[in-house]
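Structure file my_file_17.txt; described as compact mmCIF, C-alpha atoms.
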```txt
# COMPACT_ATOMS: atom_id res chain seq x y z
CA MET Q 20 -24.49 42.89 -50.65
CA ILE Q 21 -24.60 46.46 -51.92
CA ASP Q 22 -22.38 47.86 -54.67
CA LEU Q 23 -20.93 51.10 -53.28
CA THR Q 24 -18.71 51.90 -56.26
CA ASP Q 25 -20.62 54.89 -57.62
CA GLN Q 26 -21.21 56.41 -54.19
CA ILE Q 27 -17.54 56.12 -53.29
CA ASN Q 28 -16.42 57.64 -56.58
CA GLU Q 29 -18.80 60.56 -55.98
CA GLU Q 30 -17.25 61.10 -52.55
CA ILE Q 31 -13.76 61.12 -54.04
CA VAL Q 32 -14.78 63.83 -56.52
CA ARG Q 33 -16.55 65.79 -53.77
CA SER Q 34 -13.46 65.72 -51.54
CA GLY Q 35 -11.41 67.58 -54.14
CA VAL Q 36 -8.38 65.65 -52.90
CA ASN Q 37 -5.85 64.35 -55.41
CA ALA Q 38 -5.37 60.95 -53.79
CA SER Q 39 -3.30 57.91 -54.76
CA ALA Q 40 -5.59 55.39 -53.10
CA ILE Q 41 -8.70 55.07 -50.97
CA ASN Q 42 -9.25 52.91 -47.92
CA ILE Q 43 -12.77 51.64 -47.31
CA PHE Q 44 -13.42 50.34 -43.81
CA SER Q 45 -16.43 48.73 -42.12
CA PRO Q 46 -16.63 49.63 -38.40
CA HIS Q 47 -19.15 46.83 -37.82
CA SER Q 48 -18.05 43.40 -36.57
CA THR Q 49 -20.67 41.58 -38.65
CA CYS Q 50 -20.10 43.39 -41.96
CA SER Q 51 -17.43 43.25 -44.65
CA VAL Q 52 -16.16 45.27 -47.57
CA PHE Q 53 -14.58 43.50 -50.51
CA VAL Q 54 -14.30 43.51 -54.28
CA CYS Q 55 -16.61 41.24 -56.27
CA GLU Q 56 -17.90 40.79 -59.81
CA ASN Q 57 -20.50 43.49 -60.47
CA LYS Q 58 -22.48 42.40 -63.54
CA ASP Q 59 -24.31 39.19 -62.58
CA PRO Q 60 -26.14 39.36 -59.22
CA ASN Q 61 -26.15 35.55 -59.24
CA ILE Q 62 -22.47 35.63 -58.32
CA GLN Q 63 -23.36 37.55 -55.19
CA ARG Q 64 -26.08 35.00 -54.42
CA ASP Q 65 -23.68 32.09 -54.97
CA LEU Q 66 -21.10 33.68 -52.69
CA LEU Q 67 -23.55 34.40 -49.87
CA LYS Q 68 -24.90 30.84 -50.15
CA LYS Q 69 -21.37 29.41 -49.95
CA LEU Q 70 -20.57 31.54 -46.90
CA HIS Q 71 -23.77 30.23 -45.32
CA GLU Q 72 -22.62 26.67 -46.01
CA PHE Q 73 -19.25 27.42 -44.41
CA PHE Q 74 -20.87 29.08 -41.38
CA PRO Q 75 -24.43 27.74 -40.95
CA SER Q 76 -26.62 30.07 -38.89
CA ASP Q 77 -27.84 27.04 -36.90
CA GLY Q 78 -24.32 25.65 -36.33
CA ARG Q 79 -23.09 24.75 -32.85
CA TYR Q 80 -21.06 27.73 -31.69
CA ALA Q 81 -19.71 28.70 -28.28
CA HIS Q 82 -20.92 32.27 -28.84
CA ILE Q 83 -24.43 32.68 -27.40
CA GLY Q 84 -25.52 35.81 -29.30
CA GLY Q 85 -27.04 33.89 -32.22
CA ASN Q 86 -24.96 35.79 -34.76
CA GLY Q 87 -21.67 33.93 -34.44
CA ASP Q 88 -21.88 33.01 -38.10
CA ALA Q 89 -22.06 36.69 -39.07
CA HIS Q 90 -19.00 37.55 -36.97
CA MET Q 91 -16.96 34.79 -38.59
CA LYS Q 92 -18.04 35.69 -42.11
CA ALA Q 93 -17.02 39.30 -41.43
CA SER Q 94 -13.54 38.35 -40.21
CA LEU Q 95 -13.06 35.99 -43.14
CA MET Q 96 -14.20 38.37 -45.88
CA GLY Q 97 -12.44 41.34 -44.32
CA SER Q 98 -13.30 44.73 -42.91
CA ASN Q 99 -11.04 46.84 -45.10
CA VAL Q 100 -9.77 47.28 -48.63
CA THR Q 101 -7.39 49.78 -50.18
CA ILE Q 102 -7.96 50.57 -53.85
CA PRO Q 103 -5.81 52.72 -56.16
CA VAL Q 104 -7.33 56.01 -57.32
CA GLU Q 105 -6.69 57.83 -60.58
CA ASN Q 106 -8.43 60.98 -61.84
CA ALA Q 107 -10.70 61.00 -58.78
CA LYS Q 108 -11.99 57.47 -59.46
CA MET Q 109 -11.22 54.04 -58.08
CA LEU Q 110 -9.11 52.07 -60.54
CA LEU Q 111 -11.43 49.05 -60.48
CA GLY Q 112 -11.53 46.71 -63.43
CA PRO Q 113 -14.63 46.77 -65.68
CA TRP Q 114 -16.05 43.64 -64.01
CA GLN Q 115 -15.38 44.73 -60.45
CA GLY Q 116 -17.47 46.54 -57.87
CA LEU Q 117 -16.74 47.57 -54.29
CA PHE Q 118 -19.29 45.76 -52.18
CA PHE Q 119 -20.54 46.11 -48.63
CA ALA Q 120 -22.04 42.96 -47.08
CA ASP Q 121 -24.16 43.00 -43.94
CA PHE Q 122 -24.14 39.47 -42.51
CA ASP Q 123 -26.44 40.37 -39.59
CA GLY Q 124 -28.83 42.85 -41.13
CA PRO Q 125 -30.44 44.70 -42.53
CA ARG Q 126 -29.50 47.51 -40.15
CA ASP Q 127 -28.30 51.09 -40.47
CA ARG Q 128 -24.64 50.76 -41.34
CA GLU Q 129 -21.79 53.00 -42.39
CA ALA Q 130 -18.44 52.71 -44.13
CA PHE Q 131 -15.45 54.96 -43.50
CA LEU Q 132 -13.61 56.35 -46.53
CA THR Q 133 -10.02 57.56 -46.15
CA LEU Q 134 -8.06 59.08 -49.00
CA LEU Q 135 -4.35 58.25 -48.99
CA GLN Q 136 -1.45 60.14 -50.57
CA MET H 26 -5.50 35.24 -31.10
CA ILE H 27 -4.27 38.36 -29.33
CA ASP H 28 -6.05 41.71 -29.37
CA LEU H 29 -3.38 44.28 -30.27
CA THR H 30 -5.71 47.29 -30.38
CA ASP H 31 -4.46 49.09 -27.26
CA GLN H 32 -0.78 48.45 -28.03
CA ILE H 33 -1.18 49.77 -31.56
CA ASN H 34 -3.02 52.88 -30.39
CA GLU H 35 -0.23 53.55 -27.89
CA GLU H 36 2.33 53.30 -30.70
CA ILE H 37 0.37 55.78 -32.80
CA VAL H 38 0.37 58.30 -29.93
CA ARG H 39 4.07 57.66 -29.25
CA SER H 40 4.98 58.28 -32.92
CA GLY H 41 3.63 61.82 -32.75
CA VAL H 42 2.66 61.47 -36.41
CA ASN H 43 -0.65 62.90 -37.60
CA ALA H 44 -1.59 59.95 -39.81
CA SER H 45 -4.66 59.19 -41.92
CA ALA H 46 -4.38 55.43 -41.61
CA ILE H 47 -2.19 52.67 -40.23
CA ASN H 48 -1.05 49.48 -41.92
CA ILE H 49 -0.50 46.44 -39.73
CA PHE H 50 1.52 43.65 -41.34
CA SER H 51 2.58 40.18 -40.20
CA PRO H 52 5.98 39.17 -41.62
CA HIS H 53 5.33 35.52 -40.68
CA SER H 54 3.94 33.05 -43.21
CA THR H 55 1.89 31.21 -40.57
CA CYS H 56 0.34 34.26 -38.86
CA SER H 57 -2.44 36.67 -39.74
CA VAL H 58 -3.74 40.06 -38.73
CA PHE H 59 -7.43 40.82 -39.08
CA VAL H 60 -10.35 42.56 -37.44
CA CYS H 61 -12.68 40.53 -35.23
CA GLU H 62 -15.31 41.00 -32.54
CA ASN H 63 -13.56 41.91 -29.30
CA LYS H 64 -16.05 41.37 -26.47
CA ASP H 65 -16.81 37.63 -26.42
CA PRO H 66 -13.72 35.36 -26.55
CA ASN H 67 -16.04 32.55 -27.65
CA ILE H 68 -16.20 34.15 -31.08
CA GLN H 69 -12.43 33.78 -31.35
CA ARG H 70 -12.74 30.14 -30.26
CA ASP H 71 -15.49 29.49 -32.80
CA LEU H 72 -13.43 31.06 -35.57
CA LEU H 73 -10.25 29.11 -34.76
CA LYS H 74 -12.31 25.90 -34.58
CA LYS H 75 -13.85 26.60 -37.97
CA LEU H 76 -10.46 27.30 -39.52
CA HIS H 77 -9.28 24.01 -38.08
CA GLU H 78 -12.24 22.26 -39.73
CA PHE H 79 -11.39 23.91 -43.05
CA PHE H 80 -7.69 23.00 -42.75
CA PRO H 81 -7.31 19.97 -40.45
CA SER H 82 -3.80 19.68 -39.00
CA ASP H 83 -3.84 15.96 -39.87
CA GLY H 84 -5.08 16.52 -43.43
CA ARG H 85 -3.31 15.04 -46.44
CA TYR H 86 -1.11 17.82 -47.78
CA ALA H 87 1.72 17.81 -50.29
CA HIS H 88 3.76 20.04 -47.99
CA ILE H 89 5.94 17.91 -45.70
CA GLY H 90 6.67 20.46 -42.95
CA GLY H 91 3.68 19.45 -40.84
CA ASN H 92 2.38 23.04 -40.70
CA GLY H 93 0.71 23.24 -44.11
CA ASP H 94 -2.59 23.99 -42.39
CA ALA H 95 -1.05 27.04 -40.68
CA HIS H 96 0.32 28.39 -43.96
CA MET H 97 -3.07 28.09 -45.65
CA LYS H 98 -4.93 29.68 -42.74
CA ALA H 99 -2.48 32.59 -42.84
CA SER H 100 -2.98 33.20 -46.57
CA LEU H 101 -6.75 32.96 -46.19
CA MET H 102 -7.11 35.27 -43.19
CA GLY H 103 -4.55 37.73 -44.53
CA SER H 104 -1.23 39.21 -43.54
CA ASN H 105 -2.16 42.87 -43.67
CA VAL H 106 -4.88 45.35 -42.82
CA THR H 107 -5.12 49.10 -43.25
CA ILE H 108 -7.28 50.93 -40.73
CA PRO H 109 -8.25 54.62 -40.71
CA VAL H 110 -6.75 56.76 -37.92
CA GLU H 111 -8.29 59.82 -36.28
CA ASN H 112 -6.93 61.75 -33.32
CA ALA H 113 -4.04 59.29 -32.97
CA LYS H 114 -6.38 56.30 -32.63
CA MET H 115 -7.60 53.57 -34.97
CA LEU H 116 -11.18 54.26 -36.04
CA LEU H 117 -12.40 50.79 -35.08
CA GLY H 118 -16.03 50.25 -34.20
CA PRO H 119 -16.92 49.61 -30.53
CA TRP H 120 -17.22 45.86 -31.12
CA GLN H 121 -14.02 45.51 -33.12
CA GLY H 122 -10.47 44.64 -32.17
CA LEU H 123 -7.31 44.31 -34.24
CA PHE H 124 -6.19 40.73 -33.75
CA PHE H 125 -2.98 38.83 -34.39
CA ALA H 126 -3.33 35.05 -34.86
CA ASP H 127 -0.41 32.66 -34.69
CA PHE H 128 -1.47 29.45 -36.45
CA ASP H 129 1.84 27.68 -35.76
CA GLY H 130 2.76 28.91 -32.31
CA PRO H 131 3.20 30.03 -29.74
CA ARG H 132 6.48 31.58 -30.87
CA ASP H 133 8.13 34.99 -30.64
CA ARG H 134 6.38 37.05 -33.29
CA GLU H 135 6.25 40.64 -34.43
CA ALA H 136 3.94 42.92 -36.38
CA PHE H 137 5.05 45.88 -38.47
CA LEU H 138 3.15 49.14 -38.05
CA THR H 139 3.29 51.75 -40.81
CA LEU H 140 1.58 55.13 -40.55
CA LEU H 141 0.17 56.45 -43.82
CA GLN H 142 -0.56 60.05 -44.85
CA MET F 5 0.08 31.27 -58.57
CA ILE F 6 3.02 33.48 -59.52
CA ASP F 7 5.46 35.03 -57.07
CA LEU F 8 5.67 38.73 -58.04
CA THR F 9 8.00 39.77 -55.20
CA ASP F 10 11.13 40.44 -57.24
CA GLN F 11 9.27 42.21 -60.04
CA ILE F 12 7.49 44.49 -57.57
CA ASN F 13 10.70 45.32 -55.75
CA GLU F 14 12.32 46.22 -59.06
CA GLU F 15 9.43 48.57 -59.83
CA ILE F 16 9.82 50.26 -56.45
CA VAL F 17 13.50 50.91 -57.15
CA ARG F 18 12.73 52.09 -60.68
CA SER F 19 10.11 54.58 -59.43
CA GLY F 20 12.72 56.43 -57.36
CA VAL F 21 9.97 57.21 -54.85
CA ASN F 22 10.72 57.02 -51.14
CA ALA F 23 7.50 55.27 -50.16
CA SER F 24 6.18 53.99 -46.81
CA ALA F 25 4.07 51.24 -48.31
CA ILE F 26 2.92 49.75 -51.59
CA ASN F 27 -0.57 48.71 -52.62
CA ILE F 28 -0.88 45.83 -55.05
CA PHE F 29 -4.27 45.50 -56.72
CA SER F 30 -5.78 43.01 -59.17
CA PRO F 31 -8.28 44.64 -61.56
CA HIS F 32 -9.62 41.20 -62.56
CA SER F 33 -12.70 39.72 -60.90
CA THR F 34 -11.32 36.16 -61.08
CA CYS F 35 -7.80 36.89 -59.77
CA SER F 36 -6.33 37.58 -56.36
CA VAL F 37 -3.19 38.99 -54.80
CA PHE F 38 -2.11 37.76 -51.38
CA VAL F 39 0.90 36.83 -49.31
CA CYS F 40 1.91 33.16 -49.12
CA GLU F 41 4.87 31.00 -48.14
CA ASN F 42 7.46 31.23 -50.93
CA LYS F 43 9.87 28.32 -50.45
CA ASP F 44 7.84 25.14 -50.96
CA PRO F 45 5.63 25.13 -54.09
CA ASN F 46 3.64 22.31 -52.48
CA ILE F 47 2.04 24.86 -50.17
CA GLN F 48 0.70 26.67 -53.22
CA ARG F 49 -0.59 23.36 -54.58
CA ASP F 50 -2.24 22.51 -51.27
CA LEU F 51 -3.89 25.92 -51.11
CA LEU F 52 -5.23 25.80 -54.67
CA LYS F 53 -6.54 22.28 -54.05
CA LYS F 54 -8.31 23.41 -50.88
CA LEU F 55 -9.88 26.37 -52.68
CA HIS F 56 -11.07 23.94 -55.33
CA GLU F 57 -12.66 21.79 -52.61
CA PHE F 58 -14.38 24.86 -51.17
CA PHE F 59 -15.60 26.00 -54.61
CA PRO F 60 -15.79 22.99 -56.95
CA SER F 61 -15.71 23.99 -60.61
CA ASP F 62 -18.62 21.60 -61.25
CA GLY F 63 -20.68 22.88 -58.30
CA ARG F 64 -24.28 23.99 -58.71
CA TYR F 65 -24.15 27.75 -59.01
CA ALA F 66 -26.75 30.29 -60.06
CA HIS F 67 -24.15 32.04 -62.23
CA ILE F 68 -24.24 30.66 -65.77
CA GLY F 69 -20.78 31.74 -66.98
CA GLY F 70 -19.06 28.55 -65.87
CA ASN F 71 -16.49 30.44 -63.82
CA GLY F 72 -18.53 31.16 -60.71
CA ASP F 73 -15.97 29.25 -58.66
CA ALA F 74 -13.20 31.58 -59.86
CA HIS F 75 -15.21 34.70 -58.95
CA MET F 76 -15.85 33.41 -55.44
CA LYS F 77 -12.23 32.39 -54.89
CA ALA F 78 -11.14 35.85 -55.98
CA SER F 79 -13.47 37.62 -53.54
CA LEU F 80 -12.42 35.31 -50.73
CA MET F 81 -8.66 35.57 -51.24
CA GLY F 82 -8.82 39.28 -51.92
CA SER F 83 -7.98 41.70 -54.70
CA ASN F 84 -5.62 43.97 -52.79
CA VAL F 85 -2.82 44.03 -50.25
CA THR F 86 -0.83 46.86 -48.75
CA ILE F 87 2.72 46.02 -47.70
CA PRO F 88 5.21 48.21 -45.83
CA VAL F 89 8.24 49.40 -47.81
CA GLU F 90 11.72 50.16 -46.47
CA ASN F 91 14.81 51.06 -48.48
CA ALA F 92 12.88 50.60 -51.74
CA LYS F 93 11.89 47.03 -50.89
CA MET F 94 8.78 45.35 -49.55
CA LEU F 95 9.24 44.45 -45.88
CA LEU F 96 8.17 40.84 -46.40
CA GLY F 97 9.40 38.16 -44.01
CA PRO F 98 12.01 35.67 -45.29
CA TRP F 99 9.35 32.97 -45.87
CA GLN F 100 6.84 35.26 -47.59
CA GLY F 101 6.19 36.07 -51.22
CA LEU F 102 3.66 38.35 -52.86
CA PHE F 103 1.57 36.09 -55.10
CA PHE F 104 -0.84 36.64 -57.95
CA ALA F 105 -3.39 33.87 -58.53
CA ASP F 106 -5.42 33.55 -61.71
CA PHE F 107 -8.43 31.37 -60.91
CA ASP F 108 -9.79 31.51 -64.47
CA GLY F 109 -6.66 31.44 -66.57
CA PRO F 110 -4.16 31.42 -67.89
CA ARG F 111 -4.85 34.77 -69.55
CA ASP F 112 -3.02 38.05 -69.99
CA ARG F 113 -3.36 39.77 -66.64
CA GLU F 114 -2.00 42.84 -64.93
CA ALA F 115 -1.54 44.13 -61.39
CA PHE F 116 -1.61 47.79 -60.37
CA LEU F 117 1.15 49.03 -58.07
CA THR F 118 0.60 52.20 -56.05
CA LEU F 119 3.26 53.69 -53.79
CA LEU F 120 1.93 55.31 -50.63
CA GLN F 121 3.51 58.01 -48.43
```
Serialized structure, structure tokens:
Amino acid sequence: MIDLTDQINEEIVRSGVNASAINIFSPHSTCSVFVCENKDPNIQRDLLKKLHEFFPSDGRYAHIGGNGDAHMKASLMGSNVTIPVENAKMLLGPWQGLFFADFDGPRDREAFLTLLQ
Amino acid sequence: MIDLTDQINEEIVRSGVNASAINIFSPHSTCSVFVCENKDPNIQRDLLKKLHEFFPSDGRYAHIGGNGDAHMKASLMGSNVTIPVENAKMLLGPWQGLFFADFDGPRDREAFLTLLQ
Amino acid sequence: MIDLTDQINEEIVRSGVNASAINIFSPHSTCSVFVCENKDPNIQRDLLKKLHEFFPSDGRYAHIGGNGDAHMKASLMGSNVTIPVENAKMLLGPWQGLFFADFDGPRDREAFLTLLQ
């Protein structure tokens, strides 16, 4: 899990657009974007461990690719979030970050940012 | 689970609107819309099986209606997604589809599409 | 879980804005906003009980704060939804409500509403 908050806020400033909200989207079927606590990395560890319990990598799945667990985690945790923007900054709470999780990585990944009016 | 990607893209073209993003919303309390892998139907089977394990249809629930599992699956998997649009097409990755899941069907269902600026 | 549907619809009317959609966002890392069935409170009870089974409050977590379960529930159930708006009202189905869940409360909480074009 990577905290993208600062990078996204920089992109909002760079765009020069006066937006009401921003949509963050993962175009990868084994990755997710979602909001999570951003101060204690142990929360991220606990969450990833739980998701692994829910979808064991050695579980019996019909999918042959070996990464069925990653696909299911991605659909469960979601591929997209829309966050309000004020003064060229996401209106996250002080304990929140905007995270990207790669459940089948590490690989080169990207996230699409779309400013909304 | 039904892949609505092509139908939604056709509606975007038909609208003639130059949108930045599209919101897809399920107005049914036992259905969800979410992004999932779109090449191997086994992934859909694995996911539905897992959701059934999480919320067994014969579980002990306070709700009497007999479809408490479907309501919980719907809240968990989500009723709405917002996907970026470019050139009148959702910017999904090559391995992604926009799926509609009816957890208490099959029934006649609908999804609301809203183009955003 | 609190059903915010009526309050949100009142705010849409009060704004006087002719919006296409509304984004509802929780700035708290232990709260969620999501759509759920709105007629039988037992469904809410069943859902909260299930989430407690998934993330027991006395589970073994790396996070020391004692509310690791609440943080994980919040990330899973989501911090944001975007709902279509028509005639100054959310286009929810007749069995749907827009709920706010405080997994580490009760406390004073807020939700951010953003109207989108």
Give the residues of chain Q that lie within 8 Å of chain F; count only C-alpha atoms, and format the answer as a list in words.
Ser39, Ala40, Phe53, Val54, Cys55, Glu56, Asp59, Asn61, Ile62, Arg64, Asp65, Leu66, Leu95, Met96, Val100, Thr101, Ile102, Pro103, Leu110, Leu111, Gly112, Pro113, Trp114, Gln115, Leu135 and Gln136 of chain Q
For the atom pair CA of His77 in chain H and CA of Asp108 in chain F, what is the interatomic distance in Å to one decimal place?
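Between CA of His77 in chain H and CA of Asp108 in chain F the gap is 27.4 Å.
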I'd like the interatomic distance between CA of Glu129 in chain Q and CA of Ser76 in chain Q, to a tenth of an Å.
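Between these atoms lies a distance of 23.7 Å.
Atom to atom, CA of Asp112 in chain F and CA of Thr9 in chain F stand 18.5 Å apart.
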Using only C-alpha atoms, pick whichever of F:Ala115, F:Val17, F:Leu55, F:Met94 has the shortest atom-to-atom distance to Cys35 in chain F.
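Under the stated criterion, the closest residue is F:Ala115.
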Counting only C-alpha atoms, figure out which residue out of Q:Gln26, Q:Ser51, Q:Lys69, Q:Gln63 gets nearest to Arg128 in chain Q.
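Closest candidate: Q:Ser51.
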